[in-house]
Every structure is written in C-alpha cells, then in structure tokens.
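Student: Got work.cif for you, mmCIF, C-alpha atoms; chains and numbers go by the auth columns:
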data_input
#
loop_
_atom_site.group_PDB
_atom_site.id
_atom_site.type_symbol
_atom_site.label_atom_id
_atom_site.label_comp_id
_atom_site.label_asym_id
_atom_site.label_seq_id
_atom_site.Cartn_x
_atom_site.Cartn_y
_atom_site.Cartn_z
_atom_site.B_iso_or_equiv
_atom_site.auth_seq_id
_atom_site.auth_asym_id
ATOM 1 C CA MET A 1 -41.232 8.574 11.390 0.00 1 A
ATOM 2 C CA ILE A 2 -40.265 5.046 10.355 0.00 2 A
ATOM 3 C CA ALA A 3 -36.984 3.492 11.504 0.00 3 A
ATOM 4 C CA VAL A 4 -35.275 0.613 9.704 0.00 4 A
ATOM 5 C CA ASP A 5 -33.553 -2.251 11.500 0.00 5 A
ATOM 6 C CA THR A 6 -30.314 -3.964 10.551 0.00 6 A
ATOM 7 C CA ASN A 7 -31.798 -6.964 8.751 0.00 7 A
ATOM 8 C CA ILE A 8 -33.681 -4.813 6.231 0.00 8 A
ATOM 9 C CA LEU A 9 -30.452 -2.926 5.471 0.00 9 A
ATOM 10 C CA VAL A 10 -28.463 -6.155 5.114 0.00 10 A
ATOM 11 C CA TYR A 11 -31.046 -7.782 2.841 0.00 11 A
ATOM 12 C CA ALA A 12 -31.260 -4.648 0.688 0.00 12 A
ATOM 13 C CA HIS A 13 -27.477 -4.582 0.335 0.00 13 A
ATOM 14 C CA ARG A 14 -26.644 -8.265 -0.147 0.00 14 A
ATOM 15 C CA THR A 15 -27.769 -9.486 -3.559 0.00 15 A
ATOM 16 C CA ASP A 16 -27.336 -13.070 -2.322 0.00 16 A
ATOM 17 C CA SER A 17 -30.094 -12.590 0.255 0.00 17 A
ATOM 18 C CA PRO A 18 -33.346 -14.373 -0.593 0.00 18 A
ATOM 19 C CA PHE A 19 -35.123 -11.167 0.521 0.00 19 A
ATOM 20 C CA HIS A 20 -32.894 -8.822 -1.482 0.00 20 A
ATOM 21 C CA GLU A 21 -35.365 -7.568 -4.075 0.00 21 A
ATOM 22 C CA ARG A 22 -38.155 -6.899 -1.585 0.00 22 A
ATOM 23 C CA ALA A 23 -35.829 -5.226 0.928 0.00 23 A
ATOM 24 C CA ARG A 24 -34.208 -3.128 -1.787 0.00 24 A
ATOM 25 C CA LYS A 25 -37.640 -1.904 -2.898 0.00 25 A
ATOM 26 C CA VAL A 26 -38.551 -1.099 0.713 0.00 26 A
ATOM 27 C CA VAL A 27 -35.430 1.034 1.218 0.00 27 A
ATOM 28 C CA GLU A 28 -35.757 2.685 -2.188 0.00 28 A
ATOM 29 C CA GLY A 29 -39.397 3.458 -1.402 0.00 29 A
ATOM 30 C CA LEU A 30 -38.457 5.200 1.820 0.00 30 A
ATOM 31 C CA ALA A 31 -35.631 7.074 0.112 0.00 31 A
ATOM 32 C CA SER A 32 -37.856 8.313 -2.717 0.00 32 A
ATOM 33 C CA LYS A 33 -40.572 9.848 -0.571 0.00 33 A
ATOM 34 C CA PRO A 34 -40.390 13.189 1.229 0.00 34 A
ATOM 35 C CA ARG A 35 -41.409 11.655 4.567 0.00 35 A
ATOM 36 C CA PRO A 36 -38.522 11.468 7.057 0.00 36 A
ATOM 37 C CA TRP A 37 -37.219 8.070 8.095 0.00 37 A
ATOM 38 C CA ALA A 38 -34.397 6.902 10.337 0.00 38 A
ATOM 39 C CA ILE A 39 -31.725 4.338 10.959 0.00 39 A
ATOM 40 C CA PRO A 40 -30.634 3.904 14.576 0.00 40 A
ATOM 41 C CA TRP A 41 -26.836 4.146 14.796 0.00 41 A
ATOM 42 C CA PRO A 42 -26.566 0.714 16.457 0.00 42 A
ATOM 43 C CA CYS A 43 -28.259 -0.736 13.335 0.00 43 A
ATOM 44 C CA ALA A 44 -25.755 1.032 11.076 0.00 44 A
ATOM 45 C CA HIS A 45 -22.899 -0.427 13.146 0.00 45 A
ATOM 46 C CA GLU A 46 -24.443 -3.875 13.075 0.00 46 A
ATOM 47 C CA PHE A 47 -25.002 -3.628 9.291 0.00 47 A
ATOM 48 C CA PHE A 48 -21.290 -2.870 8.862 0.00 48 A
ATOM 49 C CA ALA A 49 -20.337 -5.784 11.126 0.00 49 A
ATOM 50 C CA VAL A 50 -22.670 -8.315 9.507 0.00 50 A
ATOM 51 C CA VAL A 51 -22.024 -7.647 5.819 0.00 51 A
ATOM 52 C CA THR A 52 -18.241 -7.642 6.283 0.00 52 A
ATOM 53 C CA HIS A 53 -18.142 -10.774 8.456 0.00 53 A
ATOM 54 C CA PRO A 54 -16.305 -13.720 6.833 0.00 54 A
ATOM 55 C CA ARG A 55 -18.120 -16.267 8.990 0.00 55 A
ATOM 56 C CA ILE A 56 -21.500 -15.021 7.830 0.00 56 A
ATOM 57 C CA TYR A 57 -20.714 -14.630 4.130 0.00 57 A
ATOM 58 C CA ARG A 58 -18.386 -16.756 2.048 0.00 58 A
ATOM 59 C CA THR A 59 -17.569 -13.553 0.153 0.00 59 A
ATOM 60 C CA PRO A 60 -18.140 -10.743 2.640 0.00 60 A
ATOM 61 C CA THR A 61 -18.708 -7.197 1.512 0.00 61 A
ATOM 62 C CA PRO A 62 -15.426 -5.272 1.501 0.00 62 A
ATOM 63 C CA ALA A 63 -15.303 -2.759 4.355 0.00 63 A
ATOM 64 C CA GLU A 64 -14.971 0.191 1.982 0.00 64 A
ATOM 65 C CA THR A 65 -18.057 -0.939 0.039 0.00 65 A
ATOM 66 C CA ALA A 66 -20.078 -1.236 3.249 0.00 66 A
ATOM 67 C CA LEU A 67 -18.937 2.236 4.307 0.00 67 A
ATOM 68 C CA ASP A 68 -19.810 3.554 0.837 0.00 68 A
ATOM 69 C CA GLN A 69 -23.321 2.187 1.338 0.00 69 A
ATOM 70 C CA LEU A 70 -23.642 3.996 4.671 0.00 70 A
ATOM 71 C CA ARG A 71 -22.270 7.194 3.090 0.00 71 A
ATOM 72 C CA ALA A 72 -24.805 6.931 0.264 0.00 72 A
ATOM 73 C CA LEU A 73 -27.616 6.536 2.778 0.00 73 A
ATOM 74 C CA SER A 74 -26.351 9.460 4.852 0.00 74 A
ATOM 75 C CA GLY A 75 -26.603 11.657 1.753 0.00 75 A
ATOM 76 C CA LEU A 76 -30.360 11.148 1.523 0.00 76 A
ATOM 77 C CA GLY A 77 -32.154 14.325 2.530 0.00 77 A
ATOM 78 C CA ASN A 78 -35.018 12.561 4.274 0.00 78 A
ATOM 79 C CA LEU A 79 -32.928 10.103 6.332 0.00 79 A
ATOM 80 C CA ALA A 80 -31.688 10.723 9.857 0.00 80 A
ATOM 81 C CA PHE A 81 -29.306 8.497 11.771 0.00 81 A
ATOM 82 C CA ILE A 82 -30.624 8.488 15.333 0.00 82 A
ATOM 83 C CA ALA A 83 -28.920 7.806 18.642 0.00 83 A
ATOM 84 C CA GLU A 84 -29.336 8.122 22.364 0.00 84 A
ATOM 85 C CA ALA A 85 -30.507 11.577 23.401 0.00 85 A
ATOM 86 C CA GLU A 86 -32.162 13.342 26.316 0.00 86 A
ATOM 87 C CA GLY A 87 -34.689 11.020 27.941 0.00 87 A
ATOM 88 C CA TYR A 88 -33.133 7.878 26.498 0.00 88 A
ATOM 89 C CA LEU A 89 -32.334 6.273 29.855 0.00 89 A
ATOM 90 C CA SER A 90 -35.950 6.366 31.030 0.00 90 A
ATOM 91 C CA HIS A 91 -37.038 4.674 27.792 0.00 91 A
ATOM 92 C CA LEU A 92 -34.297 2.049 28.131 0.00 92 A
ATOM 93 C CA GLU A 93 -35.309 1.363 31.705 0.00 93 A
ATOM 94 C CA ALA A 94 -38.976 0.977 30.753 0.00 94 A
ATOM 95 C CA VAL A 95 -38.462 -1.339 27.781 0.00 95 A
ATOM 96 C CA ALA A 96 -35.728 -3.398 29.446 0.00 96 A
ATOM 97 C CA LYS A 97 -37.802 -3.943 32.583 0.00 97 A
ATOM 98 C CA ALA A 98 -40.975 -4.803 30.660 0.00 98 A
ATOM 99 C CA ALA A 99 -39.110 -7.317 28.489 0.00 99 A
ATOM 100 C CA LYS A 100 -36.842 -8.575 31.281 0.00 100 A
ATOM 101 C CA ALA A 101 -34.013 -7.892 28.827 0.00 101 A
ATOM 102 C CA ARG A 102 -30.677 -9.476 29.686 0.00 102 A
ATOM 103 C CA GLY A 103 -27.555 -10.350 27.709 0.00 103 A
ATOM 104 C CA GLY A 104 -27.977 -10.101 23.955 0.00 104 A
ATOM 105 C CA ALA A 105 -31.556 -8.822 24.310 0.00 105 A
ATOM 106 C CA VAL A 106 -30.146 -5.560 25.682 0.00 106 A
ATOM 107 C CA HIS A 107 -28.999 -4.666 22.151 0.00 107 A
ATOM 108 C CA ASP A 108 -32.606 -4.793 20.910 0.00 108 A
ATOM 109 C CA ALA A 109 -33.775 -2.922 24.021 0.00 109 A
ATOM 110 C CA ARG A 110 -31.267 -0.191 23.144 0.00 110 A
ATOM 111 C CA ILE A 111 -32.654 0.098 19.613 0.00 111 A
ATOM 112 C CA ALA A 112 -36.235 0.158 20.929 0.00 112 A
ATOM 113 C CA ALA A 113 -35.356 2.837 23.489 0.00 113 A
ATOM 114 C CA ILE A 114 -33.583 4.977 20.877 0.00 114 A
ATOM 115 C CA CYS A 115 -36.618 4.722 18.609 0.00 115 A
ATOM 116 C CA LEU A 116 -39.058 5.616 21.365 0.00 116 A
ATOM 117 C CA SER A 117 -36.943 8.523 22.632 0.00 117 A
ATOM 118 C CA GLN A 118 -36.610 9.917 19.098 0.00 118 A
ATOM 119 C CA GLY A 119 -40.317 9.773 18.235 0.00 119 A
ATOM 120 C CA VAL A 120 -40.200 6.820 15.858 0.00 120 A
ATOM 121 C CA GLU A 121 -43.734 5.714 15.076 0.00 121 A
ATOM 122 C CA GLU A 122 -42.835 2.321 13.633 0.00 122 A
ATOM 123 C CA LEU A 123 -39.752 0.101 13.410 0.00 123 A
ATOM 124 C CA TRP A 124 -39.471 -1.915 10.213 0.00 124 A
ATOM 125 C CA THR A 125 -37.721 -5.217 10.877 0.00 125 A
ATOM 126 C CA ALA A 126 -37.850 -8.909 10.066 0.00 126 A
ATOM 127 C CA ASP A 127 -36.691 -9.690 13.615 0.00 127 A
ATOM 128 C CA ARG A 128 -39.512 -11.158 15.723 0.00 128 A
ATOM 129 C CA ASP A 129 -37.550 -10.473 18.912 0.00 129 A
ATOM 130 C CA PHE A 130 -38.812 -6.883 18.845 0.00 130 A
ATOM 131 C CA SER A 131 -42.253 -8.198 19.809 0.00 131 A
ATOM 132 C CA ARG A 132 -40.812 -8.196 23.348 0.00 132 A
ATOM 133 C CA TYR A 133 -41.187 -4.398 23.308 0.00 133 A
ATOM 134 C CA PRO A 134 -44.942 -3.725 22.996 0.00 134 A
ATOM 135 C CA SER A 135 -44.520 0.030 23.488 0.00 135 A
ATOM 136 C CA LEU A 136 -42.809 0.126 20.068 0.00 136 A
ATOM 137 C CA THR A 137 -44.916 -0.505 16.978 0.00 137 A
ATOM 138 C CA VAL A 138 -43.100 -3.023 14.770 0.00 138 A
ATOM 139 C CA ARG A 139 -43.855 -4.113 11.223 0.00 139 A
ATOM 140 C CA ASN A 140 -42.187 -6.537 8.848 0.00 140 A
ATOM 141 C CA PRO A 141 -42.306 -4.791 5.441 0.00 141 A
ATOM 142 C CA LEU A 142 -41.088 -7.939 3.676 0.00 142 A
ATOM 143 C CA ILE A 143 -44.359 -9.801 4.142 0.00 143 A
ATOM 144 C CA GLY A 144 -47.891 -9.049 3.116 0.00 144 A
#
As structure tokens, what does this structure read like?

Tutor:
Amino acid sequence: MIAVDTNILVYAHRTDSPFHERARKVVEGLASKPRPWAIPWPCAHEFFAVVTHPRIYRTPTPAETALDQLRALSGLGNLAFIAEAEGYLSHLEAVAKAAKARGGAVHDARIAAICLSQGVEELWTADRDFSRYPSLTVRNPLIG
C-alpha cells in the first residue's frame, strides 16, 4: 500500500502551487486504480491546517472547501485513512530512537510509525526529512 503525505495533498489541492499539475495527476492516478492507498490522519489534519492558514496563503482555502476535499477523498473506495493502532508504540519507539527525533521531528516520526504499523510499503512525499526514517521506503512522485 502507498501512503500520501501532506505536501502532495496540498500541492494537488492548491492551484497556485508550482507542483499542482503533477501532484494532481499523482493523486488522480492513485484514485483511479484498484490498488489500495492511504492517507495518515495526521497528514489529513495538517492538510486542513496548511491550506486554510492565512499566513501561508494570501487567499487561504475556505475551511468548508478544505473539508469538502477531505470528504471527497474519503468517498474513494480504494483509499483508507490510517491512524495509530495495535503495535504503533513499538514502531514509534524504533523510528524515534533511530532518528533521534525531538521537537517538530516527532510529527514525522508519528507519520512514519503509523505507516509502518499499518503495512504501508511506500510513503509518497516531497519532504526530504523522511529520509531520517530508513525503515520506511520513501519516494517523491513529483520528480523523475
């Protein structure tokens, strides 16, 4: 299963992103295939926070529009929103220790641990910080 990180969701949503077209095609490609894919709940929350933030965007996405986007995604039959589950803490401990995660890096460790505990094979992200978690296979679908 592939999981998608916040930045891919934001770029796919925001038409003013320089990566919009590529990210939109990536998400549409996942949505159109029968293979299951996932969005970690922390990434959904962060998507909502980022696109509606007036300090990030001169014209932020209205909250209802952002929620509509999440609702539309949740209606896809091959998409699962994933969260902490049985065994999560051992994954968090392993990735956090290996990366010496502290402060803001704990958020990424949480996403990595959720992915690993839920059987995600690959996290698609444009965030290089996930290279700190070598037990999680990471790929940037916007390049190459």

Student: Compile the contact shell of Lys33 of chain A as an mmCIF file with C-alpha atoms, in the frame of the given file: residues with an atom at most 12 Å away, counting only C-alpha atoms, same-chain residues fewer than 3 positions apart removed.

Tutor:
data_model
loop_
_atom_site.group_PDB
_atom_site.id
_atom_site.type_symbol
_atom_site.label_atom_id
_atom_site.label_comp_id
_atom_site.auth_asym_id
_atom_site.auth_seq_id
_atom_site.Cartn_x
_atom_site.Cartn_y
_atom_site.Cartn_z
ATOM 1 C CA ILE A 2 -40.265 5.046 10.355
ATOM 2 C CA VAL A 26 -38.551 -1.099 0.713
ATOM 3 C CA VAL A 27 -35.430 1.034 1.218
ATOM 4 C CA GLU A 28 -35.757 2.685 -2.188
ATOM 5 C CA GLY A 29 -39.397 3.458 -1.402
ATOM 6 C CA LEU A 30 -38.457 5.200 1.820
ATOM 7 C CA PRO A 36 -38.522 11.468 7.057
ATOM 8 C CA TRP A 37 -37.219 8.070 8.095
ATOM 9 C CA LEU A 76 -30.360 11.148 1.523
ATOM 10 C CA GLY A 77 -32.154 14.325 2.530
ATOM 11 C CA ASN A 78 -35.018 12.561 4.274
ATOM 12 C CA LEU A 79 -32.928 10.103 6.332
#

Student: What is the distance between atom CA of Thr61 of chain A and atom CA of Ala49 of chain A, in Å to one decimal?

Tutor: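 Separating atom CA of Thr61 of chain A from atom CA of Ala49 of chain A is a distance of 9.9 Å.
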
Student: Could you tell me, as an NGL selection string, exactly which residues end up selected when the PyMOL selection byres ((chain A and resi 120) around 9) is applied to this structure?

Tutor: :A and (1-3 or 37-38 or 114-119 or 121-123 or 136-137)

Student: Can you tell me which residues surround Pro60 of chain A at a distance of at most 12 Å, considering only C-alpha atoms, apart from same-chain residues fewer than 2 positions away, and format the answer as a list of chain:residue names?

Tutor: A:Val10, A:His13, A:Arg14, A:Thr15, A:Asp16, A:Phe47, A:Phe48, A:Ala49, A:Val50, A:Val51, A:Thr52, A:His53, A:Pro54, A:Arg55, A:Ile56, A:Tyr57, A:Arg58, A:Pro62, A:Ala63, A:Glu64, A:Thr65, A:Ala66

Student: Which residue is closest to Ala72 of chain A? Choose from A:Ala31, A:Ser135, A:Asp5, A:Tyr11 and count all atoms listed in the file.

Tutor: A:Ala31

Student: For a test of reading the model, state the distance in Å between atom CA of Ser90 of chain A and atom CA of Pro141 of chain A, rounded to one decimal.

Tutor: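 So the two atoms, atom CA of Ser90 of chain A and atom CA of Pro141 of chain A, lie 28.6 Å apart.
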
Student: With a distance cut-off of 9 Å and only C-alpha atoms, select the neighbouring residues of Cys43 of chain A, excluding the residue or stretch itself and same-chain residues fewer than 5 positions from it, and output the selection as a PyMOL selection string.

Tutor: chain A and resi 4-7+9+48+111

Student: Grab the atom CA of Pro42 of chain A to atom CA of Val106 of chain A distance for me, in Å with one decimal place.

Tutor: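 Value for the atom CA of Pro42 of chain A-atom CA of Val106 of chain A distance: 11.7 Å.
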
Student: Going by the chain IDs and residue numbers used in this file, which residues fall under the PyMOL selection byres ((chain A and resi 134) around 10)? Write them as a count of residues only.

Tutor: 12

Student: Quick one: 5 Å padding each side, axis-aligned, all listed atoms of segment 58-76 of chain A - centre and edge lengths in Å to one decimal, as lines of an AutoDock Vina configuration file?

Tutor:
center_x = -22.7
center_y = -2.5
center_z = 2.4
size_x = 25.4
size_y = 38.4
size_z = 14.8

Student: May I ask which of the residues A:Lys97, A:Arg22, A:Ala113, A:Ile8 is the closest one to Ile143 of chain A, counting only C-alpha atoms?

Tutor: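 Checking each candidate against Ile143 of chain A, we get A:Arg22 as the closest.
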
Student: Taking into account only C-alpha atoms, which residue in the set A:Glu21, A:Asp108, A:Glu84, A:Asp68 is nearest to Trp41 of chain A?

Tutor: A:Glu84

Student: Smallest atom-to-atom distance to Gln69 of chain A: which of A:Ala23, A:Ala12, A:Ala105, A:Ile82, using only C-alpha atoms?

Tutor: A:Ala12

Student: Step by step, work through what the PyMOL selection byres ((chain A and resi 126) around 6) selects in the shown file, and finish by giving those residues as a VMD selection string.

Tutor: chain A and resid 125 127 140

Student: Restricting the calculation to all atoms listed in the file: of A:Phe19, A:Asp129, A:Glu86, A:Leu142, which residue gets closest to Ala101 of chain A?

Tutor: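 When distances to Ala101 of chain A are compared using all atoms listed in the file, the smallest one comes from A:Asp129.
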
Student: Go through A:Ala109, A:Pro34, A:Ala44, A:Gly103 one by one, measure the shortest atom-to-atom distance of each to Leu70 of chain A using all atoms listed in the file, and give the residue with the smallest value.

Tutor: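 Smallest distance to Leu70 of chain A is found for A:Ala44.
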